[in-house]
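Q: For reference, the file model26.csv (CSV, C-alpha atoms and all ligand atoms) is included below:
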```csv
chain,number,residue,atom,x,y,z
U,389,MET,CA,100.6,96.4,66.6
U,390,LYS,CA,97.4,98.4,66.4
U,391,ASN,CA,96.6,96.6,63.1
U,392,LYS,CA,96.9,93.3,65.0
U,393,TYR,CA,94.1,94.4,67.4
U,394,LEU,CA,92.1,95.8,64.5
U,395,PHE,CA,92.3,92.4,62.8
U,396,ALA,CA,91.5,90.6,66.0
U,397,TYR,CA,88.5,92.8,66.3
U,398,LEU,CA,87.4,92.4,62.7
U,399,GLY,CA,88.0,88.6,62.9
U,400,GLY,CA,86.1,88.6,66.2
U,401,ALA,CA,83.1,90.4,64.6
U,402,GLU,CA,83.0,87.9,61.8
U,403,LYS,CA,83.3,84.9,64.1
U,404,ALA,CA,80.6,86.3,66.4
U,405,VAL,CA,78.2,86.1,63.4
U,406,GLN,CA,79.3,82.4,63.2
U,407,LYS,CA,78.3,82.1,66.9
U,408,THR,CA,81.7,81.0,68.0
U,409,ALA,CA,83.2,81.7,71.5
U,410,PHE,CA,85.8,84.1,70.1
U,411,SER,CA,85.9,87.4,72.1
U,412,PRO,CA,87.3,90.4,70.2
U,413,VAL,CA,90.2,92.2,71.8
U,414,LEU,CA,90.1,96.0,71.3
U,415,PRO,CA,93.2,98.1,72.1
U,416,GLU,CA,91.3,99.8,75.0
U,417,ASP,CA,90.6,96.3,76.5
U,418,ALA,CA,94.2,95.3,76.0
U,419,PHE,CA,95.4,98.5,77.7
U,420,SER,CA,93.0,98.0,80.6
U,421,SER,CA,94.0,94.4,81.1
U,422,LEU,CA,97.7,95.3,81.0
U,423,LYS,CA,97.1,98.0,83.6
U,424,ASN,CA,95.2,95.6,85.8
U,425,GLU,CA,97.9,93.0,85.4
U,426,VAL,CA,100.7,95.5,86.2
U,427,LEU,CA,98.8,96.8,89.3
U,428,ARG,CA,98.8,93.3,90.6
U,429,CYS,CA,102.4,92.6,89.8
U,430,ASN,CA,104.6,91.1,92.5
U,431,SER,CA,107.5,90.0,90.4
U,432,CYS,CA,110.3,91.6,92.4
U,433,ARG,CA,111.1,92.6,95.9
U,434,LEU,CA,110.3,96.3,95.3
U,435,ARG,CA,106.6,95.6,95.6
U,436,ALA,CA,106.9,94.7,99.3
U,437,GLY,CA,108.3,98.1,100.3
U,438,ALA,CA,105.9,100.2,98.1
U,439,THR,CA,102.5,101.4,98.9
U,440,GLN,CA,101.2,100.6,95.4
U,441,VAL,CA,102.3,100.0,91.8
U,442,VAL,CA,102.5,103.3,89.8
U,443,PHE,CA,101.5,102.2,86.3
U,444,GLY,CA,101.8,105.6,84.6
U,445,GLU,CA,99.1,107.9,83.2
U,446,GLY,CA,98.0,110.0,80.3
U,447,ASN,CA,96.7,109.5,76.8
U,448,ASN,CA,97.0,105.8,75.9
U,449,ARG,CA,97.2,106.8,72.3
U,450,ALA,CA,99.8,109.4,72.9
U,451,ARG,CA,102.3,110.2,70.1
U,452,LEU,CA,104.7,111.5,72.8
U,453,MET,CA,105.8,109.4,75.8
U,454,PHE,CA,108.0,110.4,78.7
U,455,VAL,CA,109.8,107.7,80.7
U,456,GLY,CA,111.5,108.5,84.0
U,457,GLU,CA,113.2,106.3,86.6
U,458,ALA,CA,111.0,105.2,89.4
U,459,PRO,CA,108.2,106.5,91.7
U,460,GLY,CA,109.4,108.6,94.7
U,461,ALA,CA,107.5,109.2,97.9
U,462,ASP,CA,104.8,111.4,96.5
U,463,GLU,CA,104.2,109.1,93.5
U,464,ASP,CA,104.1,106.1,95.8
U,465,ARG,CA,101.5,107.7,98.0
U,466,GLN,CA,99.3,109.0,95.2
U,467,GLY,CA,99.8,106.2,92.7
U,468,ARG,CA,100.6,108.7,90.0
U,469,PRO,CA,103.9,109.4,88.2
U,470,PHE,CA,105.7,112.7,88.4
U,471,VAL,CA,103.6,114.4,91.0
U,472,GLY,CA,106.3,115.5,93.5
U,473,ALA,CA,108.7,118.5,93.1
U,474,ALA,CA,110.3,117.0,89.9
U,475,GLY,CA,106.9,116.3,88.5
U,476,LYS,CA,105.8,119.9,89.1
U,477,LEU,CA,108.9,121.0,87.3
U,478,LEU,CA,108.1,118.7,84.4
U,479,ASP,CA,104.6,120.2,84.2
U,480,LYS,CA,106.2,123.7,83.9
U,481,ILE,CA,108.5,122.5,81.2
U,482,LEU,CA,105.6,120.9,79.3
U,483,ALA,CA,103.5,124.1,79.7
U,484,ALA,CA,106.4,126.2,78.4
U,485,ALA,CA,106.5,124.0,75.4
U,486,LYS,CA,102.7,124.2,75.1
U,487,ILE,CA,102.3,120.5,75.5
U,488,SER,CA,99.6,119.4,77.9
U,489,ARG,CA,100.1,116.6,80.3
U,490,GLU,CA,96.8,115.0,79.2
U,491,GLU,CA,98.0,114.6,75.6
U,492,VAL,CA,101.1,112.6,76.5
U,493,PHE,CA,101.8,109.4,78.4
U,494,ILE,CA,104.1,109.6,81.4
U,495,THR,CA,105.6,106.5,83.1
U,496,ASN,CA,108.8,105.1,84.6
U,497,ILE,CA,111.2,102.3,84.0
U,498,ILE,CA,110.4,100.9,87.4
U,499,LYS,CA,106.8,100.9,88.7
U,500,CYS,CA,107.3,100.5,92.4
U,501,ARG,CA,109.2,102.9,94.7
U,502,PRO,CA,112.7,101.6,95.6
U,503,PRO,CA,113.5,102.0,99.3
U,504,ARG,CA,114.8,105.4,100.2
U,505,ASN,CA,114.7,106.2,96.4
U,506,ARG,CA,117.9,104.1,95.8
U,507,MET,CA,118.9,103.3,92.3
U,508,PRO,CA,117.0,100.2,91.1
U,509,ALA,CA,119.1,97.1,90.8
U,510,LYS,CA,119.7,95.4,87.4
U,511,GLU,CA,117.4,92.5,88.3
U,512,GLU,CA,114.6,94.9,89.3
U,513,VAL,CA,114.9,96.7,85.9
U,514,ALA,CA,114.9,93.3,84.2
U,515,ALA,CA,111.7,92.3,86.1
U,516,CYS,CA,109.9,95.5,85.4
U,517,LEU,CA,111.0,96.3,81.8
U,518,PRO,CA,108.5,94.0,80.1
U,519,HIS,CA,105.7,96.2,81.6
U,520,LEU,CA,107.1,99.2,79.9
U,521,GLN,CA,107.8,97.4,76.7
U,522,ARG,CA,104.1,96.3,76.6
U,523,GLN,CA,103.0,99.9,77.3
U,524,ILE,CA,105.1,101.1,74.4
U,525,ARG,CA,103.8,98.4,72.1
U,526,LEU,CA,100.1,99.3,72.9
U,527,ILE,CA,100.5,103.1,72.9
U,528,ALA,CA,102.8,103.0,69.9
U,529,PRO,CA,104.2,106.5,70.5
U,530,LYS,CA,106.1,108.2,67.7
U,531,ILE,CA,108.5,110.0,70.2
U,532,ILE,CA,109.9,108.7,73.4
U,533,VAL,CA,111.8,111.0,75.8
U,534,CYS,CA,114.1,109.3,78.3
U,535,LEU,CA,114.3,111.4,81.5
U,536,GLY,CA,117.6,110.7,83.2
U,537,ALA,CA,120.2,108.0,83.2
U,538,LEU,CA,118.2,104.9,84.0
U,539,ALA,CA,115.7,105.5,81.2
U,540,THR,CA,118.5,106.4,78.8
U,541,GLN,CA,120.6,103.4,79.6
U,542,THR,CA,117.7,101.0,79.5
U,543,LEU,CA,116.0,102.3,76.3
U,544,ILE,CA,118.9,103.7,74.3
U,545,ASP,CA,122.3,102.2,75.2
U,546,ASP,CA,123.4,100.7,78.5
U,547,LYS,CA,126.7,102.7,78.3
U,548,ALA,CA,125.1,106.0,77.3
U,549,ARG,CA,125.6,109.1,79.5
U,550,VAL,CA,122.9,111.6,79.4
U,551,SER,CA,125.4,114.5,79.2
U,552,VAL,CA,126.8,113.0,76.0
U,553,VAL,CA,123.8,111.7,74.1
U,554,ARG,CA,121.2,114.2,75.2
U,555,GLY,CA,119.6,116.2,72.4
U,556,GLN,CA,120.3,113.5,69.8
U,557,TRP,CA,117.7,111.4,68.1
U,558,PHE,CA,117.9,107.6,68.1
U,559,GLU,CA,115.5,105.1,66.7
U,560,ARG,CA,114.1,102.5,69.1
U,561,TYR,CA,110.8,100.7,69.5
U,562,ASN,CA,109.6,102.0,66.1
U,563,ALA,CA,109.9,105.5,67.6
U,564,ARG,CA,112.3,108.4,67.6
U,565,ILE,CA,113.8,108.6,71.0
U,566,MET,CA,115.8,111.3,72.8
U,567,ALA,CA,117.5,111.5,76.2
U,568,THR,CA,117.5,114.6,78.4
U,569,PHE,CA,118.2,115.2,82.1
U,570,HIS,CA,115.7,114.1,84.7
U,571,PRO,CA,113.7,117.1,86.2
U,572,ALA,CA,115.1,116.0,89.6
U,573,ALA,CA,118.6,116.7,88.3
U,574,LEU,CA,117.5,120.3,87.4
U,575,LEU,CA,116.3,120.8,91.0
U,576,ARG,CA,119.8,120.0,92.1
U,577,ASP,CA,121.8,121.7,89.4
U,578,ALA,CA,120.2,124.8,87.7
U,579,SER,CA,122.8,124.8,85.0
U,580,LYS,CA,121.0,121.8,83.4
U,581,LYS,CA,117.9,123.9,82.8
U,582,ARG,CA,119.2,125.4,79.5
U,583,PRO,CA,120.2,122.1,77.9
U,584,VAL,CA,116.9,120.6,78.9
U,585,TRP,CA,115.0,123.5,77.4
U,586,GLU,CA,117.0,123.1,74.2
U,587,ASP,CA,116.1,119.4,74.1
U,588,ILE,CA,112.4,120.0,74.8
U,589,GLN,CA,112.3,122.6,72.0
U,590,LYS,CA,113.6,119.9,69.5
U,591,ILE,CA,111.1,117.4,70.9
U,592,ARG,CA,108.3,119.9,70.6
U,593,ASP,CA,109.2,120.8,67.0
U,594,GLU,CA,109.4,117.1,66.0
U,595,TYR,CA,106.1,116.5,67.8
U,596,ARG,CA,104.4,119.3,66.0
U,597,LEU,CA,105.4,117.8,62.7
U,598,LEU,CA,103.6,114.5,63.4
U,601,LIG,S1,108.8,97.1,90.4
U,601,LIG,FE1,107.8,96.3,88.5
U,601,LIG,S2,108.4,94.1,88.5
U,601,LIG,FE2,108.8,94.8,90.6
U,601,LIG,S3,106.8,94.4,91.6
U,601,LIG,FE3,106.7,96.5,90.9
U,601,LIG,S4,105.6,96.3,89.0
U,601,LIG,FE4,106.4,94.3,89.5
```
Before we go any further, please render this structure as structure tokens.

A:
Amino acid sequence: MKNKYLFAYLGGAEKAVQKTAFSPVLPEDAFSSLKNEVLRCNSCRLRAGATQVVFGEGNNRARLMFVGEAPGADEDRQGRPFVGAAGKLLDKILAAAKISREEVFITNIIKCRPPRNRMPAKEEVAACLPHLQRQIRLIAPKIIVCLGALATQTLIDDKARVSVVRGQWFERYNARIMATFHPAALLRDASKKRPVWEDIQKIRDEYRLL
């Protein structure tokens, strides 16, 4: 996909010399326009109850991407993903693995907070998933980590259970992809900390090899 934009750019440069109206599209521009488009999205009923769309943040050329479920109250207020209690725990997990938040990209399956943090409905996932798919295409991560059941079932297998598939590598979206428990689940059940740490160590080791 990046080559496509490179070719578009090169083609654009050549055509600019020919004084045509072609405007080159750089990956940065494509990412900014996607972000602007998503921030204005009103494609499902979740937007009406949310303060703002939470696009995601981080390195838009990240080799490692984390995908959670949906914004909660803190994320809705701040417009940033994983900034509440679960986000702080994710920060600690990343720090323990010596991975900085700035070097990865973090987002969710659903970009607007569902009312009372309810599980997003199938049609809401269907409406929002194209945004994530376009993020993945532009960022082109080598590793995707699904945090929790919704990300796992949306990106790996709609029947997958995190407790069964976690810690295993799959291939999706031209990337290696692994599921692990959502940090919010760790806050509720401390026994999930060990398996998550095992998974993160595998992810870190694979990431360091890239
Ligand atoms: S949840 Fe997704 S599809 Fe629905 S309005 Fe928000 S950004 Fe658009």

Q: Choose the residue, out of U:Leu478, U:Ile524, U:Val441, U:Ile591, that has the smallest atom-to-atom separation from ligand LIG 601 (chain U); count only C-alpha atoms and all ligand atoms.

A: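 Among the listed residues, the smallest separation from ligand LIG 601 (chain U) belongs to U:Val441.
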
Q: Listing only residues of chain U within 6 Å of ligand LIG 601 (chain U), what is the closest atom pair and its distance in Å (to one decimal) for each, using all atoms listed in the file, sorted by chain and residue number ascending, as a Markdown table?

A:
```
| residue | atom | partner | partner_atom | distance |
| --- | --- | --- | --- | --- |
| U:Val426 | CA | U:LIG601 | S4 | 5.7 |
| U:Cys429 | CA | U:LIG601 | FE4 | 4.4 |
| U:Asn430 | CA | U:LIG601 | S3 | 4.1 |
| U:Ser431 | CA | U:LIG601 | FE4 | 4.5 |
| U:Cys432 | CA | U:LIG601 | FE2 | 4.0 |
| U:Leu434 | CA | U:LIG601 | FE2 | 5.2 |
| U:Arg435 | CA | U:LIG601 | S3 | 4.2 |
| U:Val441 | CA | U:LIG601 | S4 | 5.7 |
| U:Ile498 | CA | U:LIG601 | S1 | 5.1 |
| U:Lys499 | CA | U:LIG601 | S1 | 4.6 |
| U:Cys500 | CA | U:LIG601 | S1 | 4.2 |
| U:Glu512 | CA | U:LIG601 | FE2 | 5.9 |
| U:Ala515 | CA | U:LIG601 | S2 | 4.5 |
| U:Cys516 | CA | U:LIG601 | S2 | 3.7 |
```

Q: From the set U:Arg560, U:Thr439, U:Tyr595, U:Ile588, which residue has the shortest atom-to-atom contact distance to Ala485 (chain U), counting all atoms listed in the file?

A: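 Smallest separation from Ala485 (chain U) among the options: U:Ile588.
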
Q: With all atoms listed in the file as the basis for distance, which of U:Ala528, U:Val552, U:Ala563, U:Ala573 is at the shortest distance from Asn448 (chain U)?

A: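 The closest residue to Asn448 (chain U) is U:Ala528.
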
Q: Select, from U:Gln523, U:Thr568, U:Asn505, U:Gln466, the residue with the minimum atom-to-atom distance to Ser421 (chain U), counting all atoms listed in the file.

A: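 Selected residue with least distance to Ser421 (chain U): U:Gln523.
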
Q: What's the separation between CA of Leu520 (chain U) and CA of Ile497 (chain U), in Å to one decimal place?

A: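 Interatomic distance, CA of Leu520 (chain U) to CA of Ile497 (chain U): 6.6 Å.
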
Q: For the structure just given, write the atoms of region 545-561 of chain U, namely N, CA and C atoms, as a PDB file, in the first residue's frame.

A:
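This went into decode-v5.pdb:
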```
ATOM      1  N   ASP U 545     -11.212 -14.091  14.447  1.00  0.00           N
ATOM      2  CA  ASP U 545     -12.243 -15.099  14.145  1.00  0.00           C
ATOM      3  C   ASP U 545     -13.465 -14.764  14.975  1.00  0.00           C
ATOM      4  N   ASP U 546     -14.620 -14.711  14.338  1.00  0.00           N
ATOM      5  CA  ASP U 546     -15.814 -14.265  15.073  1.00  0.00           C
ATOM      6  C   ASP U 546     -16.268 -15.253  16.148  1.00  0.00           C
ATOM      7  N   LYS U 547     -15.670 -16.455  16.153  1.00  0.00           N
ATOM      8  CA  LYS U 547     -16.040 -17.408  17.204  1.00  0.00           C
ATOM      9  C   LYS U 547     -14.922 -17.576  18.235  1.00  0.00           C
ATOM     10  N   ALA U 548     -13.841 -16.873  18.046  1.00  0.00           N
ATOM     11  CA  ALA U 548     -12.674 -17.071  18.917  1.00  0.00           C
ATOM     12  C   ALA U 548     -12.935 -16.585  20.333  1.00  0.00           C
ATOM     13  N   ARG U 549     -12.398 -17.316  21.282  1.00  0.00           N
ATOM     14  CA  ARG U 549     -12.438 -16.871  22.681  1.00  0.00           C
ATOM     15  C   ARG U 549     -11.014 -16.506  23.085  1.00  0.00           C
ATOM     16  N   VAL U 550     -10.881 -15.370  23.736  1.00  0.00           N
ATOM     17  CA  VAL U 550      -9.541 -14.887  24.084  1.00  0.00           C
ATOM     18  C   VAL U 550      -8.812 -15.925  24.926  1.00  0.00           C
ATOM     19  N   SER U 551      -9.527 -16.548  25.868  1.00  0.00           N
ATOM     20  CA  SER U 551      -8.879 -17.510  26.766  1.00  0.00           C
ATOM     21  C   SER U 551      -8.327 -18.720  25.997  1.00  0.00           C
ATOM     22  N   VAL U 552      -8.876 -18.987  24.816  1.00  0.00           N
ATOM     23  CA  VAL U 552      -8.424 -20.141  24.023  1.00  0.00           C
ATOM     24  C   VAL U 552      -7.326 -19.752  23.029  1.00  0.00           C
ATOM     25  N   VAL U 553      -7.495 -18.616  22.348  1.00  0.00           N
ATOM     26  CA  VAL U 553      -6.556 -18.287  21.261  1.00  0.00           C
ATOM     27  C   VAL U 553      -5.408 -17.371  21.706  1.00  0.00           C
ATOM     28  N   ARG U 554      -5.489 -16.830  22.897  1.00  0.00           N
ATOM     29  CA  ARG U 554      -4.467 -15.868  23.331  1.00  0.00           C
ATOM     30  C   ARG U 554      -3.068 -16.513  23.274  1.00  0.00           C
ATOM     31  N   GLY U 555      -2.107 -15.670  22.968  1.00  0.00           N
ATOM     32  CA  GLY U 555      -0.721 -16.162  22.939  1.00  0.00           C
ATOM     33  C   GLY U 555      -0.348 -16.870  21.655  1.00  0.00           C
ATOM     34  N   GLN U 556      -1.313 -17.032  20.731  1.00  0.00           N
ATOM     35  CA  GLN U 556      -1.003 -17.710  19.466  1.00  0.00           C
ATOM     36  C   GLN U 556      -0.927 -16.671  18.347  1.00  0.00           C
ATOM     37  N   TRP U 557      -0.037 -16.933  17.385  1.00  0.00           N
ATOM     38  CA  TRP U 557       0.083 -16.030  16.236  1.00  0.00           C
ATOM     39  C   TRP U 557      -0.863 -16.456  15.128  1.00  0.00           C
ATOM     40  N   PHE U 558      -1.499 -15.479  14.523  1.00  0.00           N
ATOM     41  CA  PHE U 558      -2.306 -15.681  13.315  1.00  0.00           C
ATOM     42  C   PHE U 558      -1.792 -14.683  12.268  1.00  0.00           C
ATOM     43  N   GLU U 559      -2.204 -14.892  11.040  1.00  0.00           N
ATOM     44  CA  GLU U 559      -1.834 -13.956   9.967  1.00  0.00           C
ATOM     45  C   GLU U 559      -3.106 -13.296   9.461  1.00  0.00           C
ATOM     46  N   ARG U 560      -3.174 -12.007   9.588  1.00  0.00           N
ATOM     47  CA  ARG U 560      -4.301 -11.221   9.059  1.00  0.00           C
ATOM     48  C   ARG U 560      -3.762  -9.866   8.629  1.00  0.00           C
ATOM     49  N   TYR U 561      -4.409  -9.268   7.650  1.00  0.00           N
ATOM     50  CA  TYR U 561      -4.073  -7.895   7.230  1.00  0.00           C
ATOM     51  C   TYR U 561      -2.566  -7.747   6.943  1.00  0.00           C
TER      52      TYR U 561
END
```
